[in-house]
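Participant: As input, take input-v6.pdb (PDB, C-alpha atoms):
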```
ATOM      1  CA  MET Z   1     -32.467 -58.709  77.995
ATOM      2  CA  SER Z   2     -33.218 -58.224  74.303
ATOM      3  CA  HIS Z   3     -36.819 -57.077  74.701
ATOM      4  CA  VAL Z   4     -38.353 -54.420  72.443
ATOM      5  CA  THR Z   5     -41.845 -52.960  72.812
ATOM      6  CA  CYS Z   6     -43.267 -51.780  69.488
ATOM      7  CA  ILE Z   7     -46.094 -49.236  69.547
ATOM      8  CA  GLY Z   8     -48.305 -48.084  66.689
ATOM      9  CA  ILE Z   9     -50.328 -49.603  63.882
ATOM     10  CA  ALA Z  10     -51.169 -53.196  62.978
ATOM     11  CA  THR Z  11     -53.095 -54.009  59.813
ATOM     12  CA  LEU Z  12     -54.402 -56.833  57.729
ATOM     13  CA  ASP Z  13     -52.852 -56.579  54.260
ATOM     14  CA  LEU Z  14     -54.535 -57.834  51.101
ATOM     15  CA  VAL Z  15     -51.563 -58.063  48.746
ATOM     16  CA  PHE Z  16     -51.991 -58.355  44.965
ATOM     17  CA  ARG Z  17     -49.055 -59.001  42.653
ATOM     18  CA  VAL Z  18     -49.378 -57.242  39.304
ATOM     19  CA  ASP Z  19     -47.074 -56.644  36.348
ATOM     20  CA  THR Z  20     -47.611 -52.859  36.381
ATOM     21  CA  TYR Z  21     -49.694 -50.439  38.399
ATOM     22  CA  PRO Z  22     -53.136 -49.503  37.027
ATOM     23  CA  THR Z  23     -53.143 -46.317  34.977
ATOM     24  CA  GLY Z  24     -56.859 -45.536  35.125
ATOM     25  CA  PRO Z  25     -60.346 -47.008  35.534
ATOM     26  CA  GLY Z  26     -60.831 -50.599  34.415
ATOM     27  CA  LYS Z  27     -60.199 -54.172  35.447
ATOM     28  CA  TYR Z  28     -56.680 -55.406  36.027
ATOM     29  CA  PRO Z  29     -55.568 -59.003  36.601
ATOM     30  CA  ALA Z  30     -53.343 -60.019  39.506
ATOM     31  CA  HIS Z  31     -51.062 -63.012  39.090
ATOM     32  CA  GLY Z  32     -50.918 -63.723  42.810
ATOM     33  CA  ARG Z  33     -52.284 -62.631  46.158
ATOM     34  CA  ASP Z  34     -51.633 -62.938  49.891
ATOM     35  CA  GLU Z  35     -53.630 -62.067  52.978
ATOM     36  CA  ILE Z  36     -51.216 -61.384  55.798
ATOM     37  CA  GLY Z  37     -50.669 -59.206  58.821
ATOM     38  CA  GLY Z  38     -48.916 -55.896  58.280
ATOM     39  CA  GLY Z  39     -48.430 -52.475  59.805
ATOM     40  CA  VAL Z  40     -45.266 -50.550  60.601
ATOM     41  CA  ALA Z  41     -44.849 -51.231  64.312
ATOM     42  CA  ALA Z  42     -46.458 -54.668  64.088
ATOM     43  CA  ASN Z  43     -44.037 -55.848  61.412
ATOM     44  CA  ALA Z  44     -41.144 -54.458  63.431
ATOM     45  CA  ALA Z  45     -42.287 -56.526  66.409
ATOM     46  CA  VAL Z  46     -42.476 -59.674  64.280
ATOM     47  CA  THR Z  47     -38.963 -58.898  63.012
ATOM     48  CA  VAL Z  48     -37.588 -58.636  66.553
ATOM     49  CA  ALA Z  49     -39.130 -62.017  67.405
ATOM     50  CA  ALA Z  50     -37.899 -63.628  64.172
ATOM     51  CA  LEU Z  51     -34.356 -62.420  64.870
ATOM     52  CA  GLY Z  52     -34.288 -63.990  68.308
ATOM     53  CA  GLY Z  53     -35.392 -61.118  70.524
ATOM     54  CA  GLU Z  54     -38.440 -60.759  72.745
ATOM     55  CA  ALA Z  55     -41.138 -58.515  71.306
ATOM     56  CA  ALA Z  56     -44.367 -56.938  72.504
ATOM     57  CA  PHE Z  57     -46.836 -54.966  70.414
ATOM     58  CA  ILE Z  58     -49.118 -52.263  71.797
ATOM     59  CA  GLY Z  59     -51.653 -50.697  69.459
ATOM     60  CA  CYS Z  60     -55.338 -50.292  68.722
ATOM     61  CA  VAL Z  61     -57.531 -52.573  66.627
ATOM     62  CA  GLY Z  62     -61.283 -52.941  66.376
ATOM     63  CA  ASP Z  63     -63.379 -55.641  67.987
ATOM     64  CA  ASP Z  64     -64.148 -57.081  64.551
ATOM     65  CA  LEU Z  65     -63.057 -60.240  62.731
ATOM     66  CA  THR Z  66     -60.225 -58.335  61.048
ATOM     67  CA  GLY Z  67     -58.927 -57.398  64.485
ATOM     68  CA  ASP Z  68     -59.134 -61.036  65.562
ATOM     69  CA  ARG Z  69     -56.949 -62.021  62.599
ATOM     70  CA  ILE Z  70     -54.447 -59.230  63.249
ATOM     71  CA  VAL Z  71     -53.967 -60.182  66.899
ATOM     72  CA  ALA Z  72     -53.840 -63.913  66.171
ATOM     73  CA  GLY Z  73     -51.216 -63.367  63.478
ATOM     74  CA  LEU Z  74     -48.960 -61.432  65.844
ATOM     75  CA  ALA Z  75     -49.346 -63.997  68.607
ATOM     76  CA  SER Z  76     -48.519 -66.853  66.221
ATOM     77  CA  ALA Z  77     -45.301 -65.023  65.295
ATOM     78  CA  GLY Z  78     -44.201 -65.003  68.933
ATOM     79  CA  VAL Z  79     -45.184 -61.408  69.752
ATOM     80  CA  ASP Z  80     -46.690 -60.549  73.146
ATOM     81  CA  VAL Z  81     -50.148 -59.050  72.444
ATOM     82  CA  ALA Z  82     -51.413 -58.771  76.020
ATOM     83  CA  ALA Z  83     -51.585 -54.962  75.863
ATOM     84  CA  VAL Z  84     -53.328 -54.621  72.485
ATOM     85  CA  ARG Z  85     -56.379 -52.336  72.739
ATOM     86  CA  ARG Z  86     -59.608 -53.736  71.264
ATOM     87  CA  VAL Z  87     -61.819 -50.716  70.547
ATOM     88  CA  ALA Z  88     -65.546 -51.486  70.581
ATOM     89  CA  GLY Z  89     -67.372 -50.606  67.364
ATOM     90  CA  ALA Z  90     -64.224 -49.545  65.497
ATOM     91  CA  ALA Z  91     -63.041 -50.993  62.185
ATOM     92  CA  SER Z  92     -59.556 -52.481  62.308
ATOM     93  CA  PRO Z  93     -56.921 -51.140  59.882
ATOM     94  CA  LEU Z  94     -57.033 -52.798  56.473
ATOM     95  CA  SER Z  95     -54.708 -52.252  53.492
ATOM     96  CA  ALA Z  96     -54.920 -53.052  49.808
ATOM     97  CA  VAL Z  97     -51.374 -53.483  48.511
ATOM     98  CA  LEU Z  98     -50.183 -53.732  44.910
ATOM     99  CA  VAL Z  99     -46.690 -55.124  44.302
ATOM    100  CA  ASP Z 100     -45.471 -54.615  40.729
ATOM    101  CA  GLY Z 101     -42.958 -56.478  38.607
ATOM    102  CA  THR Z 102     -40.029 -54.477  40.002
ATOM    103  CA  GLY Z 103     -40.933 -55.273  43.614
ATOM    104  CA  ASP Z 104     -42.170 -51.763  44.431
ATOM    105  CA  ARG Z 105     -45.414 -51.479  46.377
ATOM    106  CA  LEU Z 106     -48.407 -49.179  46.374
ATOM    107  CA  ILE Z 107     -50.492 -49.164  49.557
ATOM    108  CA  VAL Z 108     -54.043 -47.913  50.151
ATOM    109  CA  ASN Z 109     -54.863 -48.087  53.859
ATOM    110  CA  HIS Z 110     -58.039 -47.464  55.783
ATOM    111  CA  ALA Z 111     -58.028 -46.974  59.537
ATOM    112  CA  ASP Z 112     -61.071 -45.890  61.532
ATOM    113  CA  PRO Z 113     -60.546 -42.163  62.262
ATOM    114  CA  ASP Z 114     -61.617 -42.709  65.883
ATOM    115  CA  LEU Z 115     -59.521 -45.821  66.465
ATOM    116  CA  PHE Z 116     -56.382 -44.291  67.912
ATOM    117  CA  SER Z 117     -58.144 -41.580  69.881
ATOM    118  CA  ALA Z 118     -60.196 -44.249  71.655
ATOM    119  CA  GLY Z 119     -57.327 -46.359  72.930
ATOM    120  CA  PRO Z 120     -56.081 -45.649  76.470
ATOM    121  CA  PRO Z 121     -52.527 -44.295  76.709
ATOM    122  CA  VAL Z 122     -49.657 -46.664  77.392
ATOM    123  CA  ASP Z 123     -49.199 -47.303  81.094
ATOM    124  CA  HIS Z 124     -45.703 -47.481  82.519
ATOM    125  CA  HIS Z 125     -46.491 -50.919  83.942
ATOM    126  CA  GLU Z 126     -46.899 -52.154  80.368
ATOM    127  CA  LEU Z 127     -43.269 -51.234  79.718
ATOM    128  CA  ALA Z 128     -41.872 -53.056  82.738
ATOM    129  CA  GLY Z 129     -39.027 -55.306  81.662
ATOM    130  CA  THR Z 130     -38.565 -53.838  78.199
ATOM    131  CA  ALA Z 131     -35.121 -52.741  77.028
ATOM    132  CA  ALA Z 132     -36.261 -50.350  74.276
ATOM    133  CA  VAL Z 133     -39.354 -48.719  72.815
ATOM    134  CA  LEU Z 134     -39.902 -48.466  69.063
ATOM    135  CA  THR Z 135     -42.868 -46.470  67.740
ATOM    136  CA  ASP Z 136     -44.296 -45.436  64.416
ATOM    137  CA  MET Z 137     -46.186 -42.167  63.863
ATOM    138  CA  ARG Z 138     -49.747 -43.521  63.775
ATOM    139  CA  TRP Z 139     -50.687 -43.297  67.472
ATOM    140  CA  PRO Z 140     -49.149 -40.216  69.109
ATOM    141  CA  GLY Z 141     -51.219 -40.742  72.264
ATOM    142  CA  GLY Z 142     -49.507 -44.070  72.764
ATOM    143  CA  ALA Z 143     -46.096 -43.203  71.377
ATOM    144  CA  VAL Z 144     -45.270 -40.017  73.280
ATOM    145  CA  PRO Z 145     -45.718 -41.282  76.865
ATOM    146  CA  ALA Z 146     -43.954 -44.543  76.028
ATOM    147  CA  LEU Z 147     -40.985 -42.755  74.473
ATOM    148  CA  LEU Z 148     -40.727 -40.358  77.412
ATOM    149  CA  GLU Z 149     -40.898 -43.270  79.859
ATOM    150  CA  ALA Z 150     -38.122 -45.069  77.995
ATOM    151  CA  ARG Z 151     -35.994 -41.965  77.829
ATOM    152  CA  GLU Z 152     -36.456 -41.278  81.540
ATOM    153  CA  ARG Z 153     -35.281 -44.827  82.263
ATOM    154  CA  GLY Z 154     -32.218 -44.387  80.041
ATOM    155  CA  LEU Z 155     -33.502 -46.787  77.379
ATOM    156  CA  PRO Z 156     -33.468 -46.363  73.595
ATOM    157  CA  ALA Z 157     -36.607 -44.520  72.462
ATOM    158  CA  ILE Z 158     -36.696 -45.131  68.712
ATOM    159  CA  VAL Z 159     -39.086 -43.587  66.172
ATOM    160  CA  ASP Z 160     -39.813 -44.878  62.678
ATOM    161  CA  CYS Z 161     -40.819 -41.661  60.920
ATOM    162  CA  ASP Z 162     -42.306 -42.783  57.617
ATOM    163  CA  HIS Z 163     -44.969 -40.115  57.039
ATOM    164  CA  ASP Z 164     -45.526 -36.410  57.700
ATOM    165  CA  PRO Z 165     -44.440 -35.833  61.320
ATOM    166  CA  ALA Z 166     -46.054 -32.395  61.458
ATOM    167  CA  VAL Z 167     -49.473 -34.069  61.702
ATOM    168  CA  ASN Z 168     -51.132 -35.376  64.872
ATOM    169  CA  ARG Z 169     -48.537 -34.160  67.375
ATOM    170  CA  GLY Z 170     -45.801 -35.701  65.279
ATOM    171  CA  THR Z 171     -43.166 -33.176  66.261
ATOM    172  CA  GLU Z 172     -43.831 -34.074  69.891
ATOM    173  CA  ILE Z 173     -42.976 -37.671  69.039
ATOM    174  CA  LEU Z 174     -39.675 -36.589  67.499
ATOM    175  CA  ALA Z 175     -38.795 -34.474  70.524
ATOM    176  CA  ALA Z 176     -39.357 -37.458  72.839
ATOM    177  CA  ALA Z 177     -37.043 -39.803  70.916
ATOM    178  CA  THR Z 178     -33.409 -40.779  71.382
ATOM    179  CA  HIS Z 179     -33.200 -42.200  67.824
ATOM    180  CA  VAL Z 180     -35.250 -41.093  64.801
ATOM    181  CA  ILE Z 181     -35.092 -42.932  61.484
ATOM    182  CA  PHE Z 182     -36.878 -41.177  58.622
ATOM    183  CA  SER Z 183     -37.628 -42.459  55.188
ATOM    184  CA  LEU Z 184     -35.749 -40.069  52.902
ATOM    185  CA  PRO Z 185     -38.901 -38.749  51.123
ATOM    186  CA  THR Z 186     -40.506 -37.986  54.501
ATOM    187  CA  LEU Z 187     -37.357 -36.251  55.715
ATOM    188  CA  MET Z 188     -37.205 -34.060  52.613
ATOM    189  CA  ALA Z 189     -40.896 -33.194  52.794
ATOM    190  CA  PHE Z 190     -40.727 -32.386  56.500
ATOM    191  CA  THR Z 191     -37.640 -30.169  56.347
ATOM    192  CA  GLY Z 192     -37.879 -28.785  52.827
ATOM    193  CA  GLY Z 193     -34.208 -29.648  52.441
ATOM    194  CA  ALA Z 194     -32.560 -29.607  49.041
ATOM    195  CA  ASP Z 195     -30.503 -32.717  49.786
ATOM    196  CA  ALA Z 196     -30.149 -35.370  52.466
ATOM    197  CA  GLU Z 197     -27.305 -33.618  54.299
ATOM    198  CA  GLU Z 198     -29.113 -30.278  54.548
ATOM    199  CA  ALA Z 199     -32.348 -31.981  55.576
ATOM    200  CA  MET Z 200     -30.739 -34.047  58.305
ATOM    201  CA  ARG Z 201     -29.022 -31.060  59.846
ATOM    202  CA  SER Z 202     -32.291 -29.121  59.973
ATOM    203  CA  VAL Z 203     -34.022 -31.889  61.959
ATOM    204  CA  ALA Z 204     -32.048 -30.680  64.984
ATOM    205  CA  GLU Z 205     -34.623 -27.902  65.297
ATOM    206  CA  HIS Z 206     -37.173 -30.512  66.374
ATOM    207  CA  THR Z 207     -35.197 -33.145  68.277
ATOM    208  CA  ASP Z 208     -31.873 -33.818  69.956
ATOM    209  CA  ALA Z 209     -32.070 -37.460  68.906
ATOM    210  CA  TRP Z 210     -29.617 -39.352  66.740
ATOM    211  CA  VAL Z 211     -31.036 -39.058  63.210
ATOM    212  CA  ALA Z 212     -30.910 -41.323  60.169
ATOM    213  CA  ALA Z 213     -32.764 -41.635  56.870
ATOM    214  CA  THR Z 214     -33.337 -44.764  54.817
ATOM    215  CA  ALA Z 215     -33.235 -44.292  51.058
ATOM    216  CA  GLY Z 216     -34.188 -47.647  49.546
ATOM    217  CA  ASP Z 217     -31.580 -48.891  47.097
ATOM    218  CA  GLU Z 218     -29.433 -45.847  47.903
ATOM    219  CA  GLY Z 219     -28.806 -47.184  51.392
ATOM    220  CA  VAL Z 220     -28.989 -45.186  54.617
ATOM    221  CA  TYR Z 221     -27.691 -41.790  55.771
ATOM    222  CA  TRP Z 222     -27.077 -40.786  59.376
ATOM    223  CA  LEU Z 223     -25.844 -37.789  61.315
ATOM    224  CA  ASP Z 224     -23.085 -38.326  63.872
ATOM    225  CA  ASP Z 225     -21.039 -35.632  65.610
ATOM    226  CA  GLY Z 226     -22.222 -33.068  63.108
ATOM    227  CA  SER Z 227     -21.154 -35.090  60.073
ATOM    228  CA  VAL Z 228     -23.383 -36.952  57.634
ATOM    229  CA  HIS Z 229     -22.386 -40.556  56.938
ATOM    230  CA  HIS Z 230     -23.665 -42.992  54.337
ATOM    231  CA  ARG Z 231     -23.898 -46.776  54.024
ATOM    232  CA  SER Z 232     -24.715 -48.253  50.633
ATOM    233  CA  ALA Z 233     -27.512 -50.774  50.261
ATOM    234  CA  PHE Z 234     -26.655 -54.391  49.560
ATOM    235  CA  VAL Z 235     -27.206 -55.347  45.938
ATOM    236  CA  VAL Z 236     -29.891 -58.048  45.679
ATOM    237  CA  ASP Z 237     -32.486 -59.208  43.181
ATOM    238  CA  VAL Z 238     -35.536 -57.355  44.476
ATOM    239  CA  VAL Z 239     -38.789 -59.298  44.421
ATOM    240  CA  ASP Z 240     -40.974 -57.457  46.937
ATOM    241  CA  THR Z 241     -40.181 -54.346  49.011
ATOM    242  CA  LEU Z 242     -43.355 -54.580  51.125
ATOM    243  CA  GLY Z 243     -42.343 -54.445  54.791
ATOM    244  CA  ALA Z 244     -38.659 -53.861  54.087
ATOM    245  CA  GLY Z 245     -38.558 -50.606  56.028
ATOM    246  CA  ASP Z 246     -40.373 -52.180  58.978
ATOM    247  CA  VAL Z 247     -37.822 -54.998  59.018
ATOM    248  CA  PHE Z 248     -35.001 -52.441  58.985
ATOM    249  CA  HIS Z 249     -36.384 -50.667  62.047
ATOM    250  CA  GLY Z 250     -37.086 -53.822  64.016
ATOM    251  CA  ALA Z 251     -33.622 -55.194  63.291
ATOM    252  CA  PHE Z 252     -31.975 -51.874  64.173
ATOM    253  CA  ALA Z 253     -33.817 -51.665  67.506
ATOM    254  CA  LEU Z 254     -32.842 -55.204  68.445
ATOM    255  CA  ALA Z 255     -29.193 -54.615  67.509
ATOM    256  CA  ILE Z 256     -29.050 -51.472  69.640
ATOM    257  CA  VAL Z 257     -30.573 -53.335  72.587
ATOM    258  CA  GLU Z 258     -27.966 -56.065  72.139
ATOM    259  CA  GLY Z 259     -25.238 -53.447  72.531
ATOM    260  CA  GLN Z 260     -24.102 -53.239  68.925
ATOM    261  CA  SER Z 261     -22.564 -49.962  67.774
ATOM    262  CA  VAL Z 262     -24.638 -47.701  65.554
ATOM    263  CA  GLU Z 263     -22.575 -48.665  62.498
ATOM    264  CA  SER Z 264     -22.949 -52.374  63.263
ATOM    265  CA  ALA Z 265     -26.680 -51.982  63.922
ATOM    266  CA  LEU Z 266     -27.145 -50.207  60.600
ATOM    267  CA  ARG Z 267     -25.293 -52.972  58.758
ATOM    268  CA  PHE Z 268     -27.378 -55.628  60.512
ATOM    269  CA  ALA Z 269     -30.621 -53.786  59.723
ATOM    270  CA  THR Z 270     -29.605 -53.182  56.107
ATOM    271  CA  GLY Z 271     -28.826 -56.862  55.693
ATOM    272  CA  ALA Z 272     -32.125 -57.994  57.214
ATOM    273  CA  SER Z 273     -34.032 -55.598  54.974
ATOM    274  CA  ALA Z 274     -32.127 -56.785  51.904
ATOM    275  CA  VAL Z 275     -32.991 -60.420  52.591
ATOM    276  CA  LYS Z 276     -36.636 -59.476  53.002
ATOM    277  CA  CYS Z 277     -36.620 -57.768  49.587
ATOM    278  CA  THR Z 278     -35.666 -61.029  47.900
ATOM    279  CA  ARG Z 279     -38.904 -62.657  49.090
ATOM    280  CA  THR Z 280     -42.597 -62.181  48.397
ATOM    281  CA  GLY Z 281     -45.411 -61.726  50.838
ATOM    282  CA  GLY Z 282     -44.583 -58.779  53.077
ATOM    283  CA  ARG Z 283     -44.390 -60.154  56.614
ATOM    284  CA  ALA Z 284     -44.053 -63.695  55.291
ATOM    285  CA  GLY Z 285     -40.638 -62.746  53.927
ATOM    286  CA  ILE Z 286     -39.117 -61.617  57.235
ATOM    287  CA  PRO Z 287     -35.843 -63.528  57.741
ATOM    288  CA  ASP Z 288     -34.622 -65.237  60.893
ATOM    289  CA  ARG Z 289     -31.287 -64.634  62.624
ATOM    290  CA  ARG Z 290     -29.487 -67.498  60.912
ATOM    291  CA  GLU Z 291     -30.509 -66.241  57.473
ATOM    292  CA  VAL Z 292     -29.363 -62.695  58.182
ATOM    293  CA  ALA Z 293     -26.055 -63.916  59.618
ATOM    294  CA  ALA Z 294     -25.439 -66.051  56.527
ATOM    295  CA  PHE Z 295     -26.252 -63.128  54.225
ATOM    296  CA  LEU Z 296     -23.905 -60.756  56.053
ATOM    297  CA  GLU Z 297     -21.116 -63.330  56.060
ATOM    298  CA  SER Z 298     -21.385 -63.695  52.291
ATOM    299  CA  ASN Z 299     -21.674 -59.913  51.760
ATOM    300  CA  PRO Z 300     -18.837 -58.348  53.763
TER     301      PRO Z 300
END
```
Output the structure of this file as structure tokens.
Facilitator:
Amino acid sequence: MSHVTCIGIATLDLVFRVDTYPTGPGKYPAHGRDEIGGGVAANAAVTVAALGGEAAFIGCVGDDLTGDRIVAGLASAGVDVAAVRRVAGAASPLSAVLVDGTGDRLIVNHADPDLFSAGPPVDHHELAGTAAVLTDMRWPGGAVPALLEARERGLPAIVDCDHDPAVNRGTEILAAATHVIFSLPTLMAFTGGADAEEAMRSVAEHTDAWVAATAGDEGVYWLDDGSVHHRSAFVVDVVDTLGAGDVFHGAFALAIVEGQSVESALRFATGASAVKCTRTGGRAGIPDRREVAAFLESNP
């Protein structure tokens, strides 16, 4: 069964499209805006559902109107939200996002500092029937037991490492994983490596997992049998990179669950992410399976 449980953060994103980023105090016009669900693990769950898999999201949101919108948005995308924690009195995560004329994004996020410490840990019953666990780094108390449960059951335990893993028990998350996919800047900052190859090899000090690093338009690097491999990114006209990494991780997790090889899963994930980059609106630009298949067929 192609079921993936995604654990971590869900947000409401207020997205403003601007020509260039602000350079100082003042008033700056936006030529478009969207209000849409976001968040690393949440977007990955929506991606799994959009690509034809079954997805569940487990994370913490407040009991406020923002939380209502976050949960409703996930449910409307076909994601199982039965295990979402609603934390009384907490403010749900909210992001202000600027997308410039090149498609790059700048994100300012606020999450209640007590939100993730208040949510109860993931219970093994909540993982019954899943075929893989995918977590981000935002909720170690939820991620670590879920990853360990998956690993004990012989299932993929995948981590999207997109910010400093040395914070908030992050290295414990890495040690619990079977697959870790860094963003390249995070990998370099965490290891102090001079280049991608050196940095990837040094990650072995913290985990025995399969390791990869996404590098935007440079593609993706991964370590296999002691050797570093590289896949180039597909060349597309980039409109909006918001959510592209989340799409990559959701697509990769689903492909692994479906039994695809690592190389095939990376190609599938790279293609899904590329299609997303050609569309505006963050989560609204997540492609479906037919669209990704058509893109890959035309880009061998």
Participant: Step by step, gather every atom of segment 231-246 of chain Z that the file lists, find the box along x, y and z that holds them, add 8 Å on each side, and finally give centre and edge lengths in Å to one decimal, as lines of an AutoDock Vina configuration file.
Facilitator:
```
center_x = -33.6
center_y = -53.0
center_z = 51.1
size_x = 35.5
size_y = 28.5
size_z = 31.8
```
Participant: Which residues are close to segment 222-228 of chain Z, i.e. within 7 Å by all atoms listed in the file, leaving aside same-chain residues fewer than 5 positions away? Reply as a list in words.
Facilitator: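 Final neighbour list, sorted by chain and number: Glu197, Met200, Trp210, Val211, Ala212 and Ala213 of chain Z.
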Participant: Taking the file as shown, find all residues satisfying the PyMOL selection byres ((chain Z and resi 131) around 8) and write them as a PDB file with C-alpha atoms, keeping the file's coordinate frame.
Facilitator:
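Output (result_0.pdb):
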```pdb
ATOM      1  CA  MET Z   1     -32.467 -58.709  77.995  1.00  0.00           C
ATOM      2  CA  SER Z   2     -33.218 -58.224  74.303  1.00  0.00           C
ATOM      3  CA  HIS Z   3     -36.819 -57.077  74.701  1.00  0.00           C
ATOM      4  CA  VAL Z   4     -38.353 -54.420  72.443  1.00  0.00           C
ATOM      5  CA  THR Z   5     -41.845 -52.960  72.812  1.00  0.00           C
ATOM      6  CA  GLY Z 129     -39.027 -55.306  81.662  1.00  0.00           C
ATOM      7  CA  THR Z 130     -38.565 -53.838  78.199  1.00  0.00           C
ATOM      8  CA  ALA Z 132     -36.261 -50.350  74.276  1.00  0.00           C
ATOM      9  CA  VAL Z 133     -39.354 -48.719  72.815  1.00  0.00           C
ATOM     10  CA  LEU Z 155     -33.502 -46.787  77.379  1.00  0.00           C
ATOM     11  CA  PRO Z 156     -33.468 -46.363  73.595  1.00  0.00           C
ATOM     12  CA  VAL Z 257     -30.573 -53.335  72.587  1.00  0.00           C
TER      13      VAL Z 257
END
```
Participant: What residues come out when you apply the PyMOL selection byres ((chain Z and resi 158-160) around 10) to this file, written as a ChimeraX atom specification?
Facilitator: /Z:6-8,40-41,44,132-137,143,147,150-151,155-157,161-163,173-174,176-183,209-213,245-246,248-250,252-253,256
Participant: Which residue out of Z:Thr191, Z:Thr47, Z:Asn299, Z:Thr11 has the minimum interatomic distance to Leu254 of chain Z when all atoms listed in the file are used?
Facilitator: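 Once distances to Leu254 of chain Z are computed over all atoms listed in the file, the minimum belongs to Z:Thr47.
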